[in-house]
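Participant: My structure file entry-v5.txt, compact mmCIF, C-alpha atoms and all ligand atoms, is below:
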```
# COMPACT_ATOMS: atom_id res chain seq x y z
CA MET L 1 42.15 -68.51 -100.57
CA LYS L 2 43.12 -72.12 -101.13
CA ILE L 3 44.31 -74.71 -98.62
CA LEU L 4 46.13 -77.86 -99.59
CA PHE L 5 44.94 -80.83 -97.54
CA VAL L 6 47.60 -83.52 -97.56
CA THR L 7 45.77 -86.81 -97.16
CA GLY L 8 44.91 -89.95 -99.05
CA ASN L 9 41.50 -90.05 -97.38
CA LYS L 10 38.76 -88.45 -99.52
CA ASN L 11 36.24 -88.61 -96.63
CA LYS L 12 38.40 -86.20 -94.65
CA VAL L 13 38.56 -83.79 -97.60
CA VAL L 14 34.77 -83.81 -97.96
CA GLU L 15 34.41 -82.94 -94.26
CA ALA L 16 37.02 -80.14 -94.47
CA ALA L 17 35.56 -78.68 -97.67
CA ALA L 18 32.10 -78.49 -96.06
CA ALA L 19 33.50 -76.70 -92.99
CA LEU L 20 35.56 -74.16 -94.98
CA ARG L 21 33.05 -73.43 -97.77
CA PRO L 22 31.28 -70.63 -95.87
CA LEU L 23 34.63 -68.81 -95.65
CA GLU L 24 35.10 -69.21 -99.39
CA VAL L 25 38.24 -71.18 -98.66
CA GLU L 26 38.84 -73.83 -101.30
CA VAL L 27 40.26 -77.19 -100.22
CA GLU L 28 42.47 -79.10 -102.63
CA GLN L 29 43.56 -82.63 -101.87
CA ILE L 30 47.22 -83.52 -102.22
CA ASP L 31 48.05 -87.19 -101.99
CA TYR L 32 51.62 -86.88 -100.73
CA ASP L 33 52.91 -89.59 -98.41
CA TYR L 34 54.75 -87.47 -95.83
CA PRO L 35 56.83 -89.33 -93.23
CA GLU L 36 55.03 -89.92 -89.95
CA ILE L 37 57.17 -89.79 -86.82
CA GLN L 38 56.49 -92.22 -83.99
CA HIS L 39 55.04 -90.60 -80.89
CA ASP L 40 52.50 -91.54 -78.24
CA THR L 41 50.54 -88.32 -78.79
CA LEU L 42 49.08 -86.95 -82.01
CA GLU L 43 50.29 -83.33 -81.79
CA PRO L 44 53.98 -83.82 -82.67
CA ILE L 45 53.00 -86.15 -85.51
CA ALA L 46 50.69 -83.53 -87.08
CA ALA L 47 53.21 -80.71 -86.51
CA TYR L 48 56.02 -82.65 -88.15
CA GLY L 49 53.83 -83.68 -91.11
CA ALA L 50 52.64 -80.11 -91.75
CA ARG L 51 56.12 -78.60 -91.54
CA HIS L 52 57.69 -81.32 -93.65
CA THR L 53 55.08 -80.96 -96.41
CA ALA L 54 55.24 -77.13 -96.48
CA GLU L 55 59.02 -77.38 -96.88
CA TYR L 56 58.73 -80.11 -99.49
CA LEU L 57 56.34 -78.03 -101.61
CA ALA L 58 58.55 -74.96 -101.25
CA LYS L 59 61.52 -76.97 -102.49
CA GLN L 60 59.46 -78.04 -105.47
CA SER L 61 58.72 -74.37 -106.21
CA PHE L 62 62.40 -73.61 -106.00
CA ALA L 63 63.07 -76.37 -108.50
CA ARG L 64 60.44 -74.94 -110.82
CA PHE L 65 61.19 -71.23 -110.53
CA GLY L 66 64.55 -71.20 -108.77
CA GLY L 67 65.82 -73.34 -111.62
CA VAL L 68 65.66 -70.26 -113.79
CA LYS L 69 67.44 -68.24 -111.06
CA LEU L 70 64.48 -65.94 -110.76
CA ARG L 71 64.79 -65.00 -114.39
CA LEU L 72 61.64 -65.49 -116.38
CA PRO L 73 61.99 -67.91 -119.28
CA CYS L 74 60.85 -64.91 -121.30
CA GLU L 75 59.49 -61.57 -120.23
CA PRO L 76 55.70 -61.72 -120.16
CA LYS L 77 54.08 -59.39 -122.64
CA VAL L 78 50.91 -58.11 -121.11
CA ARG L 79 48.11 -56.48 -123.01
CA GLU L 80 44.57 -55.45 -122.18
CA THR L 81 41.73 -57.56 -123.58
CA ASP L 82 38.18 -56.68 -122.63
CA GLY L 83 39.49 -54.77 -119.65
CA LEU L 84 41.42 -57.81 -118.35
CA PRO L 85 45.14 -58.23 -118.85
CA SER L 86 46.29 -61.40 -120.57
CA VAL L 87 49.72 -62.89 -121.06
CA LYS L 88 51.03 -63.28 -124.55
CA SER L 89 54.06 -65.04 -125.88
CA CYS L 90 55.41 -66.88 -122.87
CA LYS L 91 57.28 -69.93 -124.12
CA ASN L 92 57.33 -71.82 -120.84
CA GLU L 93 53.87 -73.35 -120.67
CA VAL L 94 53.78 -74.05 -116.94
CA PHE L 95 54.86 -70.53 -116.20
CA ALA L 96 52.44 -69.06 -118.72
CA ARG L 97 49.53 -70.90 -117.10
CA TYR L 98 50.72 -69.74 -113.73
CA LEU L 99 50.80 -66.14 -114.86
CA GLU L 100 47.31 -66.44 -116.31
CA ASP L 101 46.01 -67.75 -112.96
CA SER L 102 47.73 -64.97 -111.04
CA LEU L 103 46.80 -62.10 -113.30
CA PRO L 104 43.46 -61.14 -111.79
CA GLU L 105 45.21 -60.48 -108.49
CA ILE L 106 48.16 -58.60 -109.87
CA SER L 107 46.31 -56.65 -112.52
CA ARG L 108 46.33 -53.54 -110.33
CA ARG L 109 50.10 -53.62 -110.29
CA ILE L 110 50.60 -54.60 -113.87
CA GLY L 111 52.51 -51.43 -114.54
CA ASP L 112 55.18 -52.42 -112.03
CA SER L 113 58.50 -53.77 -113.06
CA ALA L 114 58.96 -57.34 -114.25
CA ARG L 115 61.18 -57.87 -111.25
CA TYR L 116 58.31 -57.15 -108.91
CA LEU L 117 56.15 -59.47 -110.93
CA LYS L 118 58.66 -62.29 -110.60
CA CYS L 119 59.00 -61.86 -106.84
CA PHE L 120 55.26 -61.68 -106.36
CA ILE L 121 54.61 -64.83 -108.31
CA PHE L 122 57.51 -66.64 -106.72
CA GLN L 123 56.36 -65.81 -103.22
CA LYS L 124 52.74 -66.68 -103.96
CA ASP L 125 53.70 -70.09 -105.19
CA PHE L 126 56.20 -70.59 -102.43
CA GLN L 127 53.94 -69.87 -99.49
CA LYS L 128 51.32 -72.52 -99.91
CA THR L 129 49.08 -73.13 -96.92
CA VAL L 130 49.23 -76.79 -96.05
CA ILE L 131 47.13 -78.77 -93.60
CA VAL L 132 47.55 -82.34 -92.43
CA GLU L 133 45.33 -84.16 -89.97
CA ASP L 134 46.15 -86.98 -87.63
CA ALA L 135 43.33 -88.76 -85.84
CA GLY L 136 43.10 -91.59 -83.36
CA LEU L 137 40.71 -93.62 -81.26
CA PHE L 138 41.65 -93.69 -77.56
CA ILE L 139 40.19 -96.40 -75.29
CA PRO L 140 41.02 -95.87 -71.58
CA ALA L 141 40.22 -99.51 -70.64
CA LEU L 142 43.01 -100.51 -73.07
CA GLY L 143 45.46 -97.92 -71.72
CA GLY L 144 44.68 -95.48 -74.53
CA PHE L 145 45.18 -98.08 -77.27
CA PRO L 146 45.12 -97.82 -80.30
CA GLY L 147 45.72 -94.02 -80.04
CA PRO L 148 48.42 -92.87 -82.51
CA TYR L 149 48.57 -96.42 -83.91
CA SER L 150 44.90 -96.36 -84.96
CA ALA L 151 45.58 -96.61 -88.69
CA TYR L 152 47.88 -99.61 -88.29
CA VAL L 153 45.51 -101.34 -85.88
CA HIS L 154 42.54 -100.73 -88.18
CA ASP L 155 44.47 -102.14 -91.13
CA THR L 156 45.51 -105.22 -89.17
CA ILE L 157 42.98 -106.41 -86.57
CA GLY L 158 40.20 -103.99 -87.67
CA ASN L 159 36.96 -103.24 -85.85
CA GLY L 160 36.45 -106.95 -85.12
CA GLY L 161 39.78 -107.10 -83.31
CA ILE L 162 38.93 -104.09 -81.14
CA LEU L 163 35.55 -105.62 -80.22
CA GLN L 164 37.36 -108.84 -79.34
CA LEU L 165 39.80 -107.00 -77.07
CA MET L 166 36.90 -105.19 -75.39
CA ARG L 167 34.95 -108.39 -74.66
CA GLN L 168 33.90 -108.50 -71.00
CA LEU L 169 35.42 -105.12 -70.22
CA PRO L 170 32.82 -103.15 -68.27
CA ASN L 171 34.29 -99.72 -69.09
CA ARG L 172 33.48 -99.15 -72.79
CA GLY L 173 34.32 -95.42 -72.79
CA ALA L 174 36.37 -94.11 -75.71
CA SER L 175 37.22 -90.87 -77.45
CA PHE L 176 38.22 -89.82 -80.92
CA LYS L 177 40.79 -87.09 -81.21
CA SER L 178 41.76 -85.06 -84.26
CA VAL L 179 44.78 -82.79 -84.56
CA ILE L 180 45.04 -80.54 -87.60
CA GLY L 181 48.48 -79.08 -88.32
CA LEU L 182 48.64 -75.97 -90.51
CA CYS L 183 51.92 -74.71 -91.89
CA ARG L 184 53.36 -72.29 -94.43
CA HIS L 185 56.98 -72.49 -95.42
CA GLY L 186 59.23 -70.67 -92.96
CA GLU L 187 56.56 -70.47 -90.26
CA GLU L 188 55.93 -72.54 -87.14
CA PRO L 189 53.09 -75.07 -87.53
CA LYS L 190 49.81 -74.22 -85.79
CA LEU L 191 47.72 -76.97 -84.23
CA PHE L 192 43.94 -77.26 -83.83
CA THR L 193 42.48 -80.12 -81.80
CA GLY L 194 39.01 -81.62 -81.47
CA ILE L 195 37.73 -84.44 -79.25
CA VAL L 196 34.47 -86.37 -79.14
CA GLU L 197 33.63 -88.66 -76.23
CA GLY L 198 31.62 -91.83 -76.63
CA THR L 199 31.48 -95.60 -76.15
CA ILE L 200 32.53 -98.69 -78.06
CA THR L 201 29.48 -100.68 -79.09
CA ALA L 202 29.07 -104.44 -78.50
CA GLU L 203 28.97 -104.98 -82.28
CA GLY L 204 29.47 -102.95 -85.45
CA ARG L 205 26.41 -101.01 -86.68
CA GLY L 206 25.82 -98.94 -89.81
CA THR L 207 27.34 -98.61 -93.25
CA GLY L 208 28.19 -94.89 -93.48
CA GLY L 209 31.45 -93.12 -92.65
CA PHE L 210 34.72 -94.98 -92.52
CA GLY L 211 37.29 -96.52 -90.18
CA TYR L 212 36.03 -97.06 -86.65
CA ASP L 213 32.68 -95.32 -87.28
CA PRO L 214 30.57 -98.53 -87.01
CA ILE L 215 31.79 -99.28 -83.47
CA PHE L 216 31.79 -95.72 -82.05
CA GLU L 217 28.71 -94.23 -80.44
CA PRO L 218 29.10 -90.52 -79.58
CA LYS L 219 27.86 -89.62 -76.10
CA GLU L 220 25.88 -86.54 -77.07
CA ARG L 221 23.68 -88.39 -79.54
CA ASP L 222 20.77 -90.80 -79.56
CA GLY L 223 22.57 -94.14 -79.39
CA ARG L 224 23.44 -94.37 -83.09
CA THR L 225 27.00 -94.96 -84.19
CA PHE L 226 28.78 -92.51 -86.52
CA ALA L 227 28.29 -95.08 -89.29
CA GLU L 228 24.50 -94.83 -88.78
CA MET L 229 24.54 -91.05 -89.36
CA ASN L 230 24.87 -89.10 -92.57
CA THR L 231 27.90 -86.84 -93.08
CA ASP L 232 26.09 -83.67 -91.94
CA GLU L 233 25.02 -85.30 -88.67
CA LYS L 234 28.46 -86.71 -88.01
CA ASN L 235 29.93 -83.29 -88.78
CA GLN L 236 27.99 -81.68 -85.97
CA TYR L 237 29.77 -83.73 -83.32
CA SER L 238 32.87 -85.30 -84.75
CA HIS L 239 36.38 -84.71 -83.47
CA ARG L 240 37.43 -83.55 -86.95
CA ALA L 241 34.54 -81.08 -87.21
CA ARG L 242 35.56 -79.61 -83.85
CA ALA L 243 39.18 -79.22 -84.90
CA LEU L 244 38.03 -77.74 -88.21
CA ARG L 245 35.85 -75.18 -86.40
CA LYS L 246 38.95 -73.96 -84.54
CA LEU L 247 40.84 -73.79 -87.82
CA VAL L 248 37.99 -71.77 -89.34
CA GLU L 249 38.08 -69.28 -86.42
CA TYR L 250 41.82 -68.85 -86.90
CA LEU L 251 41.52 -68.32 -90.67
CA LYS L 252 38.64 -65.88 -90.16
CA LYS L 253 40.86 -63.72 -87.92
CA GLN L 254 43.74 -63.96 -90.40
CA MET L 255 41.51 -62.88 -93.28
CA GLN L 256 40.11 -59.82 -91.45
P1 LIG C 301 44.57 -91.18 -89.76
O1 LIG C 301 44.48 -89.88 -89.07
O2 LIG C 301 44.06 -91.09 -91.18
O3 LIG C 301 45.92 -91.83 -89.64
O4 LIG C 301 43.53 -92.13 -89.05
C1 LIG C 301 43.86 -93.08 -88.09
C2 LIG C 301 42.84 -94.19 -88.09
O5 LIG C 301 41.65 -93.71 -87.47
C3 LIG C 301 42.45 -94.68 -89.49
O6 LIG C 301 42.26 -96.09 -89.43
C4 LIG C 301 41.13 -94.03 -89.75
O7 LIG C 301 40.30 -94.84 -90.55
C5 LIG C 301 40.56 -93.86 -88.35
N1 LIG C 301 39.76 -92.64 -88.30
C6 LIG C 301 40.18 -91.37 -88.44
N2 LIG C 301 39.15 -90.52 -88.40
C7 LIG C 301 38.05 -91.29 -88.22
C8 LIG C 301 36.67 -90.98 -88.14
O8 LIG C 301 36.21 -89.85 -88.23
N3 LIG C 301 35.85 -92.04 -87.96
C9 LIG C 301 36.30 -93.33 -87.89
N4 LIG C 301 37.57 -93.66 -87.99
C10 LIG C 301 38.45 -92.65 -88.15
```
Could the structure of this file be written out as structure tokens, please?
Ligand code: IMP
Facilitator:
Amino acid sequence: MKILFVTGNKNKVVEAAAALRPLEVEVEQIDYDYPEIQHDTLEPIAAYGARHTAEYLAKQSFARFGGVKLRLPCEPKVRETDGLPSVKSCKNEVFARYLEDSLPEISRRIGDSARYLKCFIFQKDFQKTVIVEDAGLFIPALGGFPGPYSAYVHDTIGNGGILQLMRQLPNRGASFKSVIGLCRHGEEPKLFTGIVEGTITAEGRGTGGFGYDPIFEPKERDGRTFAEMNTDEKNQYSHRARALRKLVEYLKKQMQ
């Protein structure tokens, strides 16, 4: 099974791939800039992004296969080679490659009609499983700021700006939240959330991770920031890892 992770952030893909590898679920990154709605919580943002992208990809499939009105550019001629079927003489290259990729799965049914073949391939391409993830840093002493605006705030005032705002505030509690939205075309998005509690440090520490990692110290650990941990350590406690674990449980049940 393959999941398409729609994000421009490679760090997130590395974390997701590590979590899903034991399930033999492959994670492919798609760098598609889906529209983000404005909301003061993360859930509707992730749900909208996942649904929008699943529909966008389905429309692309329509353009590719629907353009030929469900008629193959040419009927695939299938023959057995070394016990495996292979496609011969398909003039449309994209379609030919697609058939080649799909053949191991449909080889059992290869005797079925071309019509069945078309529908099978069409549906397989159409129903891509998409995930998006929206994360945010929530600081109660700042009324939950930056929350859903974390990306903008990080790009503008950065970690230094947050430390400045927190100067002389006695309550340095904070939490990271991650919401993963999963969607397939025509289905309602499913959401998986993960939270990690911690504190904002007095100054940035560490060079690992990304974003707010240097100024966030998770509560359950030994006083190091996320940026002072390696990816495996961060993955044991992080908000994203927790959301991913819920996603893994859901996929496990689906695959049974
Ligand atoms: P987004 O979900 O990619 O929009 O992330 C929102 C903001 O939070 C971005 O500035 C990210 O860099 C930051 N962020 C998201 N996840 C993490 C994390 O695991 N550690 C540190 N910063 C993060």
Participant: So what do you get for atom CA of Ile3 of chain L versus atom CA of Leu20 of chain L, distance-wise?
Facilitator: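 Separation of atom CA of Ile3 of chain L and atom CA of Leu20 of chain L: 9.5 Å.
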Participant: Padding 6 Å on every side, please: axis-aligned box over the listed atoms of ligand LIG 301 (chain C), centre and edge lengths to one decimal in Å, as JSON.
Facilitator:
```
{"center_x": 40.9, "center_y": -93.0, "center_z": -89.3, "size_x": 22.1, "size_y": 18.2, "size_z": 15.7}
```
Participant: Report as a PyMOL selection string which protein, DNA and RNA residues come within 10 Å of ligand LIG 301 (chain C), using all atoms listed in the file.
Facilitator: chain L and resi 7-9+11-12+15+36+42+45-46+132-138+146-156+158-159+176-180+196+208-216+226-227+234-235+238-241
Participant: Can you tell me which residues surround Leu247 of chain L at a distance of at most 9 Å, considering all atoms listed in the file, apart from same-chain residues fewer than 3 positions away, and format the answer as a VMD selection string?
Facilitator: chain L and resid 20 180 182 191 to 193 242 to 244 250 to 252
Participant: Which residue, L:Glu43, L:Glu26, L:Asp222, L:Asp33, has the smallest gap to Gly194 of chain L when you use only C-alpha atoms?
Facilitator: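 Nearest candidate to Gly194 of chain L out of L:Glu43, L:Glu26, L:Asp222, L:Asp33: L:Glu43.
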Participant: Just to confirm, what's the straight-line distance from atom CA of Ala50 of chain L to atom CA of Arg21 of chain L in Å (one decimal)?
Facilitator: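 We find that atom CA of Ala50 of chain L and atom CA of Arg21 of chain L lie 21.6 Å from each other.
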Participant: Show me as a PyMOL selection string the residues that reach within 12 Å of (43.6, -99.5, -71.4), counting only C-alpha atoms and using the file's own coordinates.
Facilitator: chain L and resi 137-147+162+165-166+169-174
Participant: Compile the contact shell of Thr53 of chain L as a PDB file with C-alpha atoms, in the coordinates of the input: residues with an atom at most 12 Å away, counting only C-alpha atoms, same-chain residues fewer than 2 positions apart removed.
Facilitator:
```pdb
ATOM      1  CA  LEU L   4      46.130 -77.860 -99.590  1.00  0.00           C
ATOM      2  CA  PHE L   5      44.940 -80.830 -97.540  1.00  0.00           C
ATOM      3  CA  VAL L   6      47.600 -83.520 -97.560  1.00  0.00           C
ATOM      4  CA  THR L   7      45.770 -86.810 -97.160  1.00  0.00           C
ATOM      5  CA  ILE L  30      47.220 -83.520-102.220  1.00  0.00           C
ATOM      6  CA  ASP L  31      48.050 -87.190-101.990  1.00  0.00           C
ATOM      7  CA  TYR L  32      51.620 -86.880-100.730  1.00  0.00           C
ATOM      8  CA  ASP L  33      52.910 -89.590 -98.410  1.00  0.00           C
ATOM      9  CA  TYR L  34      54.750 -87.470 -95.830  1.00  0.00           C
ATOM     10  CA  PRO L  35      56.830 -89.330 -93.230  1.00  0.00           C
ATOM     11  CA  GLU L  36      55.030 -89.920 -89.950  1.00  0.00           C
ATOM     12  CA  ALA L  46      50.690 -83.530 -87.080  1.00  0.00           C
ATOM     13  CA  ALA L  47      53.210 -80.710 -86.510  1.00  0.00           C
ATOM     14  CA  TYR L  48      56.020 -82.650 -88.150  1.00  0.00           C
ATOM     15  CA  GLY L  49      53.830 -83.680 -91.110  1.00  0.00           C
ATOM     16  CA  ALA L  50      52.640 -80.110 -91.750  1.00  0.00           C
ATOM     17  CA  ARG L  51      56.120 -78.600 -91.540  1.00  0.00           C
ATOM     18  CA  GLU L  55      59.020 -77.380 -96.880  1.00  0.00           C
ATOM     19  CA  TYR L  56      58.730 -80.110 -99.490  1.00  0.00           C
ATOM     20  CA  LEU L  57      56.340 -78.030-101.610  1.00  0.00           C
ATOM     21  CA  ALA L  58      58.550 -74.960-101.250  1.00  0.00           C
ATOM     22  CA  LYS L  59      61.520 -76.970-102.490  1.00  0.00           C
ATOM     23  CA  GLN L  60      59.460 -78.040-105.470  1.00  0.00           C
ATOM     24  CA  GLN L 127      53.940 -69.870 -99.490  1.00  0.00           C
ATOM     25  CA  LYS L 128      51.320 -72.520 -99.910  1.00  0.00           C
ATOM     26  CA  THR L 129      49.080 -73.130 -96.920  1.00  0.00           C
ATOM     27  CA  VAL L 130      49.230 -76.790 -96.050  1.00  0.00           C
ATOM     28  CA  ILE L 131      47.130 -78.770 -93.600  1.00  0.00           C
ATOM     29  CA  VAL L 132      47.550 -82.340 -92.430  1.00  0.00           C
ATOM     30  CA  GLY L 181      48.480 -79.080 -88.320  1.00  0.00           C
ATOM     31  CA  LEU L 182      48.640 -75.970 -90.510  1.00  0.00           C
ATOM     32  CA  CYS L 183      51.920 -74.710 -91.890  1.00  0.00           C
ATOM     33  CA  ARG L 184      53.360 -72.290 -94.430  1.00  0.00           C
ATOM     34  CA  HIS L 185      56.980 -72.490 -95.420  1.00  0.00           C
ATOM     35  CA  GLY L 186      59.230 -70.670 -92.960  1.00  0.00           C
ATOM     36  CA  PRO L 189      53.090 -75.070 -87.530  1.00  0.00           C
TER      37      PRO L 189
END
```
Participant: Please measure the separation of atom CA of Lys253 of chain L and atom CA of Tyr237 of chain L, giving the value in Å to one decimal.
Facilitator: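 Taking atom CA of Lys253 of chain L as the start and atom CA of Tyr237 of chain L as the end point, the length is 23.3 Å.
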Participant: Counting only C-alpha atoms, select every polymer residue within 10 Å of (30.6, -69.8, -92.5) as defined in the file's coordinates, and provide the selection as JSON, numbers by chain.
Facilitator: {"L": [18, 19, 20, 21, 22, 23, 24, 25, 245, 248, 249, 252]}
Participant: Could you check which of L:Asn230, L:Thr41, L:Ser175, L:Gln168 is closest to Thr207 of chain L, using all atoms listed in the file?
Facilitator: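 So, comparing all the options, the nearest one is L:Asn230.
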